[in-house]
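Listing of run_31.txt, compact mmCIF, C-alpha atoms
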```
# COMPACT_ATOMS: atom_id res chain seq x y z
CA MET A 347 19.98 6.53 -13.71
CA GLU A 348 19.88 6.30 -17.51
CA ALA A 349 18.05 8.79 -19.67
CA VAL A 350 14.37 8.14 -20.12
CA ASN A 351 14.45 8.60 -23.91
CA SER A 352 17.04 5.95 -24.65
CA THR A 353 15.20 3.47 -26.88
CA LYS A 354 18.05 1.03 -26.93
CA LEU A 355 18.43 1.03 -23.17
CA TYR A 356 14.77 0.33 -22.51
CA ALA A 357 14.25 -2.20 -25.29
CA LYS A 358 12.15 -5.02 -23.85
CA PRO A 359 13.50 -8.55 -23.95
CA ARG A 360 11.87 -10.51 -26.80
CA VAL A 361 10.54 -13.09 -24.38
CA MET A 362 8.55 -10.42 -22.52
CA SER A 363 7.09 -9.03 -25.75
CA ALA A 364 6.01 -12.54 -26.70
CA ALA A 365 4.35 -13.04 -23.34
CA HIS A 366 2.43 -9.82 -23.68
CA SER A 367 1.20 -10.81 -27.10
CA PHE A 368 -0.57 -13.81 -25.56
CA TYR A 369 -1.88 -12.21 -22.38
CA LYS A 370 -3.84 -9.12 -21.49
CA PRO A 371 -1.98 -7.89 -18.39
CA ALA A 372 -4.43 -5.18 -17.39
CA VAL A 373 -7.38 -7.59 -17.41
CA SER A 374 -5.45 -10.23 -15.43
CA PHE A 375 -4.33 -7.61 -12.92
CA ALA A 376 -7.82 -6.19 -12.43
CA ALA A 377 -9.27 -9.70 -12.11
CA ALA A 378 -6.72 -10.57 -9.41
CA LEU A 379 -7.63 -7.46 -7.41
CA LEU A 380 -11.36 -8.07 -7.82
CA ILE A 381 -11.05 -11.66 -6.58
CA TYR A 382 -8.95 -10.43 -3.67
CA ALA A 383 -11.53 -7.83 -2.71
CA VAL A 384 -14.58 -10.10 -3.06
CA LEU A 385 -13.33 -13.51 -1.90
CA SER A 386 -10.04 -13.21 -0.03
CA THR A 387 -8.98 -11.50 3.20
CA PRO A 388 -5.98 -9.35 4.18
CA PHE A 389 -4.41 -12.05 6.35
CA PRO A 390 -5.81 -15.49 5.37
CA GLN A 391 -5.30 -18.04 8.12
CA SER A 392 -5.02 -20.92 5.67
CA PRO A 393 -4.22 -19.71 2.14
CA GLY A 394 -6.01 -21.90 -0.39
CA LEU A 395 -7.24 -22.04 -3.97
CA ILE A 396 -8.40 -18.41 -4.03
CA GLU A 397 -4.96 -17.13 -3.05
CA VAL A 398 -3.33 -19.42 -5.64
CA VAL A 399 -5.60 -18.02 -8.35
CA ILE A 400 -4.75 -14.46 -7.30
CA ALA A 401 -1.03 -15.27 -7.40
CA CYS A 402 -1.33 -16.83 -10.86
CA LEU A 403 -3.26 -13.85 -12.25
CA LEU A 404 -0.69 -11.43 -10.82
CA ALA A 405 2.14 -13.47 -12.34
CA VAL A 406 0.38 -13.40 -15.73
CA SER A 407 -0.19 -9.64 -15.52
CA ILE A 408 3.45 -9.02 -14.65
CA SER A 409 4.63 -11.68 -17.16
CA ILE A 410 6.59 -14.77 -16.20
CA PRO A 411 9.87 -13.46 -17.68
CA VAL A 412 9.80 -10.30 -15.56
CA CYS A 413 8.94 -12.36 -12.47
CA LEU A 414 11.96 -14.56 -13.18
CA LEU A 415 14.21 -11.57 -13.78
CA ALA A 416 13.10 -9.91 -10.54
CA ALA A 417 13.27 -12.98 -8.28
CA GLY A 418 16.10 -14.76 -10.09
CA GLY A 419 18.70 -12.02 -10.03
CA GLY A 420 18.61 -10.73 -13.61
CA PHE A 421 20.09 -7.43 -12.44
CA LYS A 422 21.43 -6.15 -15.77
CA LEU A 423 18.37 -7.22 -17.75
CA LEU A 424 15.88 -5.68 -15.35
CA ARG A 425 17.99 -2.55 -15.19
CA ARG A 426 17.31 -2.00 -18.88
CA TYR A 427 13.82 -0.85 -17.98
CA GLY A 428 15.34 2.06 -16.10
CA VAL A 429 12.87 2.13 -13.21
CA ILE A 430 14.45 0.01 -10.46
CA PRO A 431 17.91 0.97 -9.12
CA ILE A 432 20.19 -2.03 -9.18
CA ALA A 433 20.94 -1.54 -5.46
CA ILE A 434 17.25 -2.03 -4.64
CA HIS A 435 17.06 -5.13 -6.80
CA ILE A 436 20.17 -6.61 -5.16
CA THR A 437 18.87 -5.97 -1.64
CA PHE A 438 15.54 -7.62 -2.52
CA PHE A 439 17.30 -10.61 -4.08
CA PHE A 440 19.55 -11.06 -1.03
CA PHE A 441 16.71 -10.59 1.46
CA LEU A 442 14.48 -13.10 -0.34
CA TRP A 443 16.97 -15.91 -0.92
CA TRP A 444 19.21 -15.60 2.13
CA ASN A 445 16.23 -15.68 4.46
CA LEU A 446 14.95 -18.72 2.56
CA MET A 447 18.22 -20.58 3.06
CA ASN A 448 18.47 -19.38 6.64
CA GLY A 449 14.93 -20.49 7.49
CA VAL A 450 14.91 -23.83 5.63
CA LEU A 451 18.50 -25.10 5.67
CA LEU A 452 19.89 -23.58 8.87
CA LYS A 453 16.96 -23.02 11.21
CA HIS A 454 14.69 -25.82 9.85
CA TRP A 455 11.42 -23.93 10.25
CA ALA A 456 8.16 -25.47 9.04
CA ILE A 457 7.60 -25.11 5.29
CA ARG A 458 4.11 -23.75 5.84
CA ASP A 459 5.48 -20.92 8.00
CA VAL A 460 8.24 -20.29 5.44
CA ILE A 461 5.67 -19.84 2.66
CA ARG A 462 3.58 -17.55 4.87
CA ASP A 463 6.65 -15.29 5.16
CA ILE A 464 7.74 -15.37 1.52
CA VAL A 465 4.40 -14.09 0.25
CA PRO A 466 4.49 -10.85 2.33
CA CYS A 467 8.10 -10.34 1.20
CA LEU A 468 6.99 -10.45 -2.44
CA TYR A 469 4.18 -8.01 -1.61
CA LEU A 470 6.58 -5.62 0.13
CA PHE A 471 8.85 -5.56 -2.92
CA MET A 472 5.97 -5.37 -5.39
CA PRO A 473 7.49 -2.28 -7.10
CA VAL A 474 10.37 -4.47 -8.29
CA PHE A 475 7.87 -6.62 -10.16
CA LEU A 476 5.26 -4.09 -11.28
CA LEU A 477 7.22 -0.98 -12.24
CA PRO A 478 9.06 -2.52 -15.23
CA VAL A 479 5.72 -3.60 -16.72
CA MET A 480 3.56 -0.61 -15.77
CA SER A 481 6.14 1.94 -16.90
CA LYS A 482 6.07 0.48 -20.43
CA ALA A 483 2.37 -0.35 -20.68
CA LYS A 484 -0.03 1.65 -22.82
CA ALA A 485 -2.44 2.00 -19.90
CA GLU A 486 -1.80 5.02 -17.67
CA TRP A 487 -1.26 3.04 -14.49
CA ALA A 488 -0.32 6.09 -12.44
CA LYS A 489 -3.89 7.35 -12.95
CA LEU A 490 -5.63 3.97 -12.91
CA LEU A 491 -3.98 2.28 -9.92
CA PRO A 492 -5.25 4.64 -7.17
CA TRP A 493 -8.84 4.00 -8.27
CA LEU A 494 -8.28 0.25 -8.26
CA ILE A 495 -6.85 0.39 -4.72
CA ALA A 496 -9.71 2.60 -3.55
CA GLY A 497 -12.17 0.19 -5.16
CA ILE A 498 -10.66 -2.68 -3.18
CA GLY A 499 -11.06 -0.66 0.01
CA VAL A 500 -14.72 0.13 -0.62
CA ILE A 501 -15.58 -3.47 -1.54
CA LEU A 502 -13.82 -4.80 1.55
CA SER A 503 -15.67 -2.26 3.70
CA LEU A 504 -19.00 -3.35 2.25
CA ARG A 505 -18.06 -6.96 3.03
CA PHE A 506 -17.36 -5.89 6.60
CA TYR A 507 -20.81 -4.33 6.96
CA HIS A 508 -22.38 -7.47 5.51
CA ILE A 509 -20.47 -9.83 7.83
CA THR A 510 -21.18 -7.79 10.96
CA GLY A 511 -24.77 -7.05 9.97
CA ILE A 512 -24.52 -3.31 10.59
CA SER A 513 -25.06 -0.11 8.65
CA LEU A 514 -23.44 3.31 8.79
CA LEU A 515 -26.07 4.37 11.32
CA ASP A 516 -24.81 1.76 13.82
CA ILE A 517 -21.29 3.16 13.90
CA GLY A 518 -20.29 4.68 17.22
CA LYS A 519 -22.63 2.51 19.28
CA SER A 520 -20.21 -0.35 19.97
CA TYR A 521 -17.13 -2.22 18.75
CA TYR A 522 -17.82 -4.67 15.95
CA GLN A 523 -15.94 -7.84 14.97
CA ASP A 524 -15.81 -9.65 11.64
CA ASN A 525 -15.01 -13.19 12.82
CA LEU A 526 -11.26 -12.49 12.94
CA LEU A 527 -11.05 -11.63 9.25
CA TYR A 528 -9.62 -8.19 10.10
CA ILE A 529 -11.05 -6.68 6.92
CA PRO A 530 -10.89 -3.00 8.02
CA TYR A 531 -7.18 -3.48 8.74
CA ASP A 532 -6.45 -3.84 5.03
CA PRO A 533 -4.33 -0.89 3.78
CA SER A 534 -6.75 -0.24 0.91
CA VAL A 535 -9.52 0.67 3.38
CA ALA A 536 -7.51 3.51 4.93
CA PHE A 537 -6.41 4.57 1.43
CA ALA A 538 -10.01 4.73 0.20
CA GLY A 539 -11.14 6.59 3.31
CA ILE A 540 -8.67 9.40 2.60
CA PHE A 541 -8.15 9.39 -1.17
CA LEU A 542 -11.82 9.37 -2.19
CA PRO A 543 -13.01 12.34 -0.05
CA LEU A 544 -9.98 14.40 -1.08
CA MET A 545 -10.52 13.57 -4.76
CA ALA A 546 -14.20 14.44 -4.37
CA PHE A 547 -13.19 17.95 -3.38
CA HIS A 548 -10.26 18.03 -5.81
CA THR A 549 -12.43 17.33 -8.85
CA PHE A 550 -15.61 19.11 -7.69
CA MET A 551 -16.96 21.71 -10.11
CA TRP A 552 -20.06 23.66 -9.24
CA GLY A 553 -22.67 23.55 -12.00
CA ASN A 554 -21.15 20.54 -13.75
CA MET A 555 -23.65 17.79 -13.00
CA ARG A 556 -21.31 14.97 -14.02
CA ARG A 557 -18.53 16.26 -11.76
CA MET A 558 -20.91 16.87 -8.88
CA ALA A 559 -22.38 13.36 -9.17
CA ALA A 560 -18.90 11.83 -9.30
CA SER A 561 -17.84 13.81 -6.21
CA LEU A 562 -20.94 12.63 -4.36
CA MET A 563 -20.14 9.00 -5.19
CA MET A 564 -16.57 9.48 -4.01
CA ILE A 565 -17.74 10.98 -0.72
CA ILE A 566 -20.09 8.04 -0.17
CA GLY A 567 -17.31 5.56 -0.94
CA GLY A 568 -14.90 7.35 1.35
CA GLY A 569 -17.52 7.50 4.09
CA ILE A 570 -18.12 3.76 3.80
CA ALA A 571 -14.38 3.09 4.22
CA LEU A 572 -13.97 5.52 7.11
CA GLY A 573 -17.05 4.05 8.76
CA SER A 574 -15.50 0.58 8.82
CA LEU A 575 -12.39 2.03 10.47
CA MET A 576 -14.59 3.72 13.08
CA ALA A 577 -16.54 0.50 13.65
CA VAL A 578 -13.41 -1.29 14.89
CA ALA A 579 -12.02 1.85 16.60
CA GLN A 580 -8.79 2.04 14.64
CA ARG A 581 -7.01 4.78 16.50
CA ALA A 582 -3.93 5.53 14.37
CA PRO A 583 -5.59 5.43 10.92
CA LEU A 584 -8.45 7.67 12.00
CA GLY A 585 -6.15 10.14 13.75
CA LEU A 586 -3.84 10.34 10.74
CA ALA A 587 -6.82 10.66 8.40
CA CYS A 588 -8.08 13.70 10.32
CA LEU A 589 -4.58 15.18 10.16
CA CYS A 590 -4.48 14.64 6.39
CA PHE A 591 -7.84 16.37 5.90
CA LEU A 592 -6.68 19.36 7.93
CA LEU A 593 -3.33 19.59 6.12
CA TYR A 594 -5.11 19.41 2.77
CA ILE A 595 -7.38 22.31 3.73
CA VAL A 596 -4.39 24.33 4.94
CA CYS A 597 -2.54 23.68 1.68
CA TYR A 598 -5.47 25.05 -0.28
CA ALA A 599 -5.63 28.09 1.97
CA PHE A 600 -2.38 29.25 0.35
CA LYS A 601 -3.54 28.48 -3.21
CA SER A 602 -7.16 29.59 -3.35
CA PHE A 603 -9.22 31.18 -0.57
CA ARG A 604 -12.40 30.26 -2.43
CA LYS A 605 -11.47 26.57 -2.46
CA PHE A 606 -10.30 26.80 1.13
CA LEU A 607 -13.68 28.19 2.16
CA MET A 608 -15.45 25.49 0.15
CA ALA A 609 -13.36 22.77 1.84
CA VAL A 610 -14.20 24.12 5.30
CA ILE A 611 -17.92 24.22 4.46
CA MET A 612 -17.88 20.66 3.07
CA LEU A 613 -16.04 19.43 6.17
CA LEU A 614 -18.54 21.09 8.49
CA ILE A 615 -21.44 19.59 6.53
CA ALA A 616 -19.86 16.13 6.76
CA VAL A 617 -19.39 16.51 10.52
CA TRP A 618 -22.97 17.73 10.92
CA ILE A 619 -24.39 14.77 8.96
CA GLY A 620 -22.39 12.17 10.89
CA PHE A 621 -22.22 13.96 14.23
CA SER A 622 -23.83 11.13 16.22
CA GLN A 623 -21.54 8.50 14.72
CA ILE A 624 -18.45 10.67 15.12
CA GLN A 625 -19.26 11.52 18.74
CA GLY A 626 -19.83 7.86 19.61
CA SER A 627 -16.64 6.80 17.82
CA ILE A 628 -14.56 9.37 19.69
CA GLU A 629 -15.82 7.97 23.00
CA LEU A 630 -14.96 4.43 21.86
CA LEU A 631 -11.50 5.54 20.74
CA GLN A 632 -10.84 7.19 24.10
CA ALA A 633 -11.96 4.07 25.95
CA LYS A 634 -9.73 1.88 23.76
CA GLN A 635 -6.75 4.14 24.33
CA GLU A 636 -7.24 3.98 28.10
CA ALA A 637 -7.65 0.20 28.02
CA PHE A 638 -4.83 -0.77 25.64
CA GLY A 639 -2.42 2.16 25.38
CA ALA A 640 0.46 1.22 23.06
CA ASN A 641 -1.02 -2.30 22.81
CA GLY A 642 2.22 -4.06 23.72
CA LYS A 643 4.32 -2.57 20.90
CA PHE A 644 7.31 -1.79 23.14
CA ASP A 645 7.11 -5.19 24.81
CA GLU A 646 7.08 -6.75 21.35
CA LEU A 647 10.22 -4.84 20.35
CA TYR A 648 11.98 -6.01 23.49
CA ALA A 649 10.86 -9.61 22.84
CA VAL A 650 12.31 -9.49 19.30
CA PHE A 651 15.66 -8.24 20.60
CA HIS A 652 15.64 -10.87 23.32
CA GLU A 653 14.94 -13.60 20.75
CA LEU A 654 17.76 -12.48 18.46
CA ALA A 655 20.28 -11.89 21.25
CA ASN A 656 20.47 -15.63 21.95
CA SER A 657 23.16 -16.03 19.29
CA PRO A 658 25.40 -13.71 17.23
CA ASP A 659 24.28 -15.19 13.90
CA SER A 660 20.60 -14.61 14.77
CA LEU A 661 21.35 -11.03 15.76
CA LEU A 662 23.16 -10.43 12.48
CA PHE A 663 20.98 -12.44 10.07
CA GLY A 664 17.70 -12.98 11.97
CA LEU A 665 15.55 -16.09 12.15
CA GLY A 666 14.90 -16.36 8.40
CA TRP A 667 11.60 -17.14 6.73
CA GLY A 668 9.29 -19.17 8.93
CA GLY A 669 10.90 -18.01 12.16
CA LEU A 670 8.59 -17.95 15.17
CA PHE A 671 8.81 -16.08 18.46
CA HIS A 672 6.57 -15.70 21.51
CA ASP A 673 4.91 -12.33 21.05
CA PRO A 674 3.76 -10.55 24.22
CA ALA A 675 1.35 -8.47 22.11
CA VAL A 676 -0.74 -11.62 21.53
CA ASN A 677 -0.39 -13.25 24.94
CA TYR A 678 3.00 -14.86 24.16
CA VAL A 679 1.62 -17.11 21.42
CA ALA A 680 4.29 -18.32 18.98
CA VAL A 681 3.76 -16.30 15.78
CA SER A 682 5.74 -15.51 12.65
CA TYR A 683 4.85 -11.81 12.43
CA THR A 684 5.19 -8.61 14.40
CA HIS A 685 2.98 -5.50 14.55
CA SER A 686 5.54 -3.28 12.83
CA LEU A 687 7.44 -3.47 9.58
CA ILE A 688 10.62 -2.44 11.40
CA THR A 689 10.51 -5.26 13.91
CA TYR A 690 9.47 -7.69 11.16
CA PHE A 691 12.59 -6.96 9.10
CA LEU A 692 14.64 -7.17 12.29
CA LEU A 693 13.14 -10.51 13.32
CA LYS A 694 13.48 -12.15 9.90
CA GLY A 695 16.73 -10.58 8.72
CA GLY A 696 18.49 -9.38 11.86
CA LEU A 697 20.61 -6.23 11.68
CA ILE A 698 21.32 -6.95 8.00
CA GLY A 699 17.58 -7.10 7.35
CA LEU A 700 17.10 -3.82 9.18
CA LEU A 701 19.77 -2.23 6.97
CA ILE A 702 18.01 -3.55 3.86
CA MET A 703 14.74 -2.08 5.07
CA PHE A 704 16.32 1.35 5.59
CA ILE A 705 17.87 1.29 2.11
CA TYR A 706 14.51 0.36 0.59
CA MET A 707 12.57 2.92 2.60
CA ILE A 708 15.02 5.71 1.76
CA TRP A 709 14.44 5.01 -1.94
CA LEU A 710 10.67 4.98 -1.45
CA MET A 711 10.79 8.15 0.63
CA ARG A 712 12.78 9.82 -2.13
CA ASN A 713 10.05 8.88 -4.59
CA PHE A 714 7.40 10.20 -2.21
CA LEU A 715 9.08 13.55 -1.59
CA ARG A 716 9.74 14.10 -5.30
CA SER A 717 6.01 13.61 -5.96
CA ILE A 718 4.75 16.37 -3.68
CA THR A 719 2.60 18.82 -5.59
CA ILE A 720 -0.85 20.20 -4.83
CA GLU A 721 -2.30 18.06 -7.64
CA LYS A 722 -0.88 14.82 -6.20
CA LEU A 723 -1.88 15.44 -2.56
CA PRO A 724 -4.95 13.13 -2.59
CA ILE A 725 -2.78 10.22 -3.73
CA LEU A 726 0.11 11.08 -1.41
CA PHE A 727 -2.04 11.59 1.69
CA GLY A 728 -4.01 8.46 0.87
CA SER A 729 -0.76 6.50 0.52
CA ALA A 730 1.07 7.97 3.51
CA VAL A 731 -1.42 6.84 6.15
CA PRO A 732 -1.58 3.06 5.37
CA LEU A 733 2.19 3.01 4.80
CA LEU A 734 2.86 4.60 8.19
CA ILE A 735 0.36 2.27 9.85
CA GLY A 736 2.18 -0.78 8.49
CA MET A 737 5.54 0.70 9.35
CA PHE A 738 4.81 1.32 13.03
CA PHE A 739 1.45 0.03 14.25
CA GLN A 740 -0.10 -2.98 12.50
CA VAL A 741 0.50 -6.14 10.49
CA SER A 742 -1.02 -4.50 7.40
CA TYR A 743 2.37 -4.56 5.65
CA LYS A 744 1.68 -8.27 4.94
CA ALA A 745 -1.35 -7.50 2.74
CA LEU A 746 -1.29 -7.25 -1.05
CA PRO A 747 -2.55 -3.61 -1.20
CA TYR A 748 0.44 -2.47 0.87
CA GLY A 749 2.73 -3.43 -2.01
CA LEU A 750 0.34 -1.83 -4.49
CA ILE A 751 0.47 1.44 -2.55
CA LEU A 752 4.29 1.32 -2.53
CA THR A 753 4.14 0.85 -6.30
CA LEU A 754 1.70 3.75 -6.62
CA VAL A 755 4.12 6.09 -4.83
CA CYS A 756 6.83 5.24 -7.35
CA LEU A 757 4.46 5.52 -10.31
CA THR A 758 3.29 8.94 -9.12
CA ARG A 759 6.85 10.22 -9.14
CA MET A 760 7.50 8.73 -12.58
CA ASN A 761 4.26 10.23 -13.94
CA LEU A 762 5.10 13.65 -12.55
CA GLU A 763 8.56 13.59 -14.13
CA ALA A 764 7.08 12.46 -17.44
CA GLU A 765 4.60 15.36 -17.35
CA LYS A 766 7.40 17.84 -16.63
CA ALA A 767 9.48 16.41 -19.49
CA ALA A 768 6.51 16.60 -21.87
CA LYS A 769 5.90 20.32 -21.31
CA PRO A 770 9.11 21.61 -22.99
CA ALA A 771 8.59 19.17 -25.87
CA ALA A 772 5.02 20.39 -26.36
CA ARG A 773 6.19 24.01 -26.19
CA LYS A 774 8.82 23.40 -28.87
CA SER A 775 6.24 21.69 -31.06
CA VAL A 776 3.93 24.72 -30.78
CA GLU A 777 6.80 27.08 -31.61
CA LYS A 778 7.75 25.04 -34.69
CA THR A 779 4.13 25.04 -35.85
CA ALA A 780 3.90 28.79 -35.37
CA LEU A 781 7.13 29.40 -37.30
CA SER A 782 6.06 27.19 -40.14
```
Taking this structure as input, can you express it in the form of structure tokens?
Amino acid sequence: MEAVNSTKLYAKPRVMSAAHSFYKPAVSFAAALLIYAVLSTPFPQSPGLIEVVIACLLAVSISIPVCLLAAGGGFKLLRRYGVIPIAIHITFFFFLWWNLMNGVLLKHWAIRDVIRDIVPCLYLFMPVFLLPVMSKAKAEWAKLLPWLIAGIGVILSLRFYHITGISLLDIGKSYYQDNLLYIPYDPSVAFAGIFLPLMAFHTFMWGNMRRMAASLMMIIGGGIALGSLMAVAQRAPLGLACLCFLLYIVCYAFKSFRKFLMAVIMLLIAVWIGFSQIQGSIELLQAKQEAFGANGKFDELYAVFHELANSPDSLLFGLGWGGLFHDPAVNYVAVSYTHSLITYFLLKGGLIGLLIMFIYMIWLMRNFLRSITIEKLPILFGSAVPLLIGMFFQVSYKALPYGLILTLVCLTRMNLEAEKAAKPAARKSVEKTALS
């Protein structure tokens, strides 16, 4: 990858600079996320005007030229930004357009189902669209984006409480439904439920009233998000969240015993305050596990293989966008999705699609692993859980925040590298000042 300081290499195309002179990308982006959180749903049954407005605002925030470069195959031009490997861009381009031709021209699937597949594909490859813009923007997106995602999660959770007519005190008494909107299944809810409590501890400073008030607000926001997960008895997200909290405490045990002791005390206080709700939720989770088990995931995997094995071309290239299959996980109804990102790529793109997914995930995993520091743990733990849930357990990979979280992982790595590069430069500047 080219050097970060090369001005010539990263010079923006004139057309993008012109677009940014007319638009305010940060405002458009924030407005799109706010509309999504307040008015839309993770998996809209019939996308309408609200979803169109969100798409338009996102396109404006990214800029039309960058959208065209990313989706239209401007490999060399997009490479000038130095943030997306050309191999990732090529795999996205192939996956998007081949599946479109396969679904429309060869398989003749319904246009409505084709569109319902293209949108999640664009969400999944959101880093290809957002990183070129965010890496060059004046706003510090690596610091701003996690709060925006967490804000989406809290707002969606509040909507869930409003729709179901419950409060935090009702959690653990029964399962609750939100009229098939599946709001707690949005990736931002799990992110908020982990990121906010960890950041509350991470930024807590005894005696500093502003810090203490901010930490309290973060704990409340995180509790609201976790409560919505408990209300629908989400087994995997809650189990992974508990694991993240424990790992975070263990990590601090090696850095500072005082902070480790503080974390243990705060955890015990939280358990004591919500003991009734936690106890009831554990009983509901156990009952759900006994009733549903793996919830048909293995049967679904077998059904996908059986569907593709009907012909060699389907096995190699999949069903394309709009492809339907009879999913045993939902009583053999013909659907266009699966409950796992792996089987989704396999169903739509066949073995080639599965290879593309592994290439993409290896790049993302590389970004994740290179971001691991004690300071970045709240972001990384908050990101890891919803990403794993979409990868193996739920349809959450089709939601907009899933792509935002993928982008956040990449931005976190880029921000960390920029901070490391800035330290020697700052040290040299101090030395020159001292010498002069």
Using all atoms listed in the file, which of A:Ile708, A:Leu662, A:Leu630, A:Ile501 sits nearest A:Arg581?
-> A:Leu630
Between A:Ile720, A:Cys756, A:Ile517, A:Ile529, which is the closest to A:Ala488 once you count all atoms listed in the file?
-> A:Cys756
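Taking only C-alpha atoms into account, A:Leu746 lies nearest to A:Thr387 out of the set A:Gln635, A:Ser627, A:Ser602, A:Thr387.
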Neighbour list for A:Phe739 as number ranges by chain, cut-off 8 Å, all atoms listed in the file, skip fewer than 6 positions in-chain | A: 582, 643, 685-686
Residue among A:Phe471, A:Phe421, A:Phe691, A:Trp667 lying closest to A:Leu451, counting only C-alpha atoms | A:Trp667
Atom CA of A:Ser729 to atom CA of A:Phe440, distance in Å rounded to a single decimal | 26.9 Å
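Taking atom CA of A:Asp645 and atom CA of A:Leu700 as endpoints, the distance between them is 18.6 Å.
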Go through A:Leu734, A:Leu476, A:Ala579, A:Leu584 one by one, measure the shortest atom-to-atom distance of each to A:Leu754 using only C-alpha atoms, and give the residue with the smallest value.
-> A:Leu476
Hey, which of A:Val676, A:Val500, A:Gly539, A:Thr719 ends up closest to A:Lys601? Count all atoms listed in the file.
->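 Between A:Val676, A:Val500, A:Gly539, A:Thr719, the residue approaching A:Lys601 most closely is A:Thr719.
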With a distance cut-off of 8 Å and only C-alpha atoms, select the neighbouring residues of A:Phe537, excluding the residue or stretch itself and same-chain residues fewer than 5 positions from it, and output the selection as a compact mmCIF listing (two decimals) with C-alpha atoms, in the frame of the given file.
```txt
# COMPACT_ATOMS: atom_id res chain seq x y z
CA ILE A 495 -6.85 0.39 -4.72
CA ALA A 496 -9.71 2.60 -3.55
CA GLY A 499 -11.06 -0.66 0.01
CA GLY A 728 -4.01 8.46 0.87
CA SER A 729 -0.76 6.50 0.52
CA VAL A 731 -1.42 6.84 6.15
CA PRO A 732 -1.58 3.06 5.37
```
Skipping near chain neighbours, those fewer than 3 positions away, what residues fall within 12 Å of stretch 670-672 of chain A using only C-alpha atoms, listed as number ranges by chain?
-> A: 449, 453-456, 458-460, 462-463, 645-654, 664-667, 675-684, 689-690, 693-694
Test item: residues at most 8 Å from A:Met737, all atoms listed in the file, excluding those fewer than 4 positions along its chain, as a ChimeraX atom specification = /A:686-688,733,743
Could you state the separation of atom CA of A:Ala633 and atom CA of A:Gly573 in Å, given to one decimal place?
->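 Atom-to-atom, atom CA of A:Ala633 and atom CA of A:Gly573 are spaced 17.9 Å apart.
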Near A:Ser622, counting all atoms listed in the file, which residues have an atom at most 10 Å away, once you skip same-chain residues fewer than 6 positions from it, shown as a count of residues only?
-> 5
Counting all atoms listed in the file, write as an MDAnalysis selection string all protein and nucleic acid residues lying at most 10 Å from (-9.0, 14.6, 6.7) in the file's frame.
-> chainID A and resid 539:541 543:544 584:595 613 727:728
Since we have the selection now, will you write its residues out, keeping C-alpha atoms, as a compact mmCIF listing (two decimals), in the frame of the given file?
```txt
# COMPACT_ATOMS: atom_id res chain seq x y z
CA GLY A 539 -11.14 6.59 3.31
CA ILE A 540 -8.67 9.40 2.60
CA PHE A 541 -8.15 9.39 -1.17
CA PRO A 543 -13.01 12.34 -0.05
CA LEU A 544 -9.98 14.40 -1.08
CA LEU A 584 -8.45 7.67 12.00
CA GLY A 585 -6.15 10.14 13.75
CA LEU A 586 -3.84 10.34 10.74
CA ALA A 587 -6.82 10.66 8.40
CA CYS A 588 -8.08 13.70 10.32
CA LEU A 589 -4.58 15.18 10.16
CA CYS A 590 -4.48 14.64 6.39
CA PHE A 591 -7.84 16.37 5.90
CA LEU A 592 -6.68 19.36 7.93
CA LEU A 593 -3.33 19.59 6.12
CA TYR A 594 -5.11 19.41 2.77
CA ILE A 595 -7.38 22.31 3.73
CA LEU A 613 -16.04 19.43 6.17
CA PHE A 727 -2.04 11.59 1.69
CA GLY A 728 -4.01 8.46 0.87
```
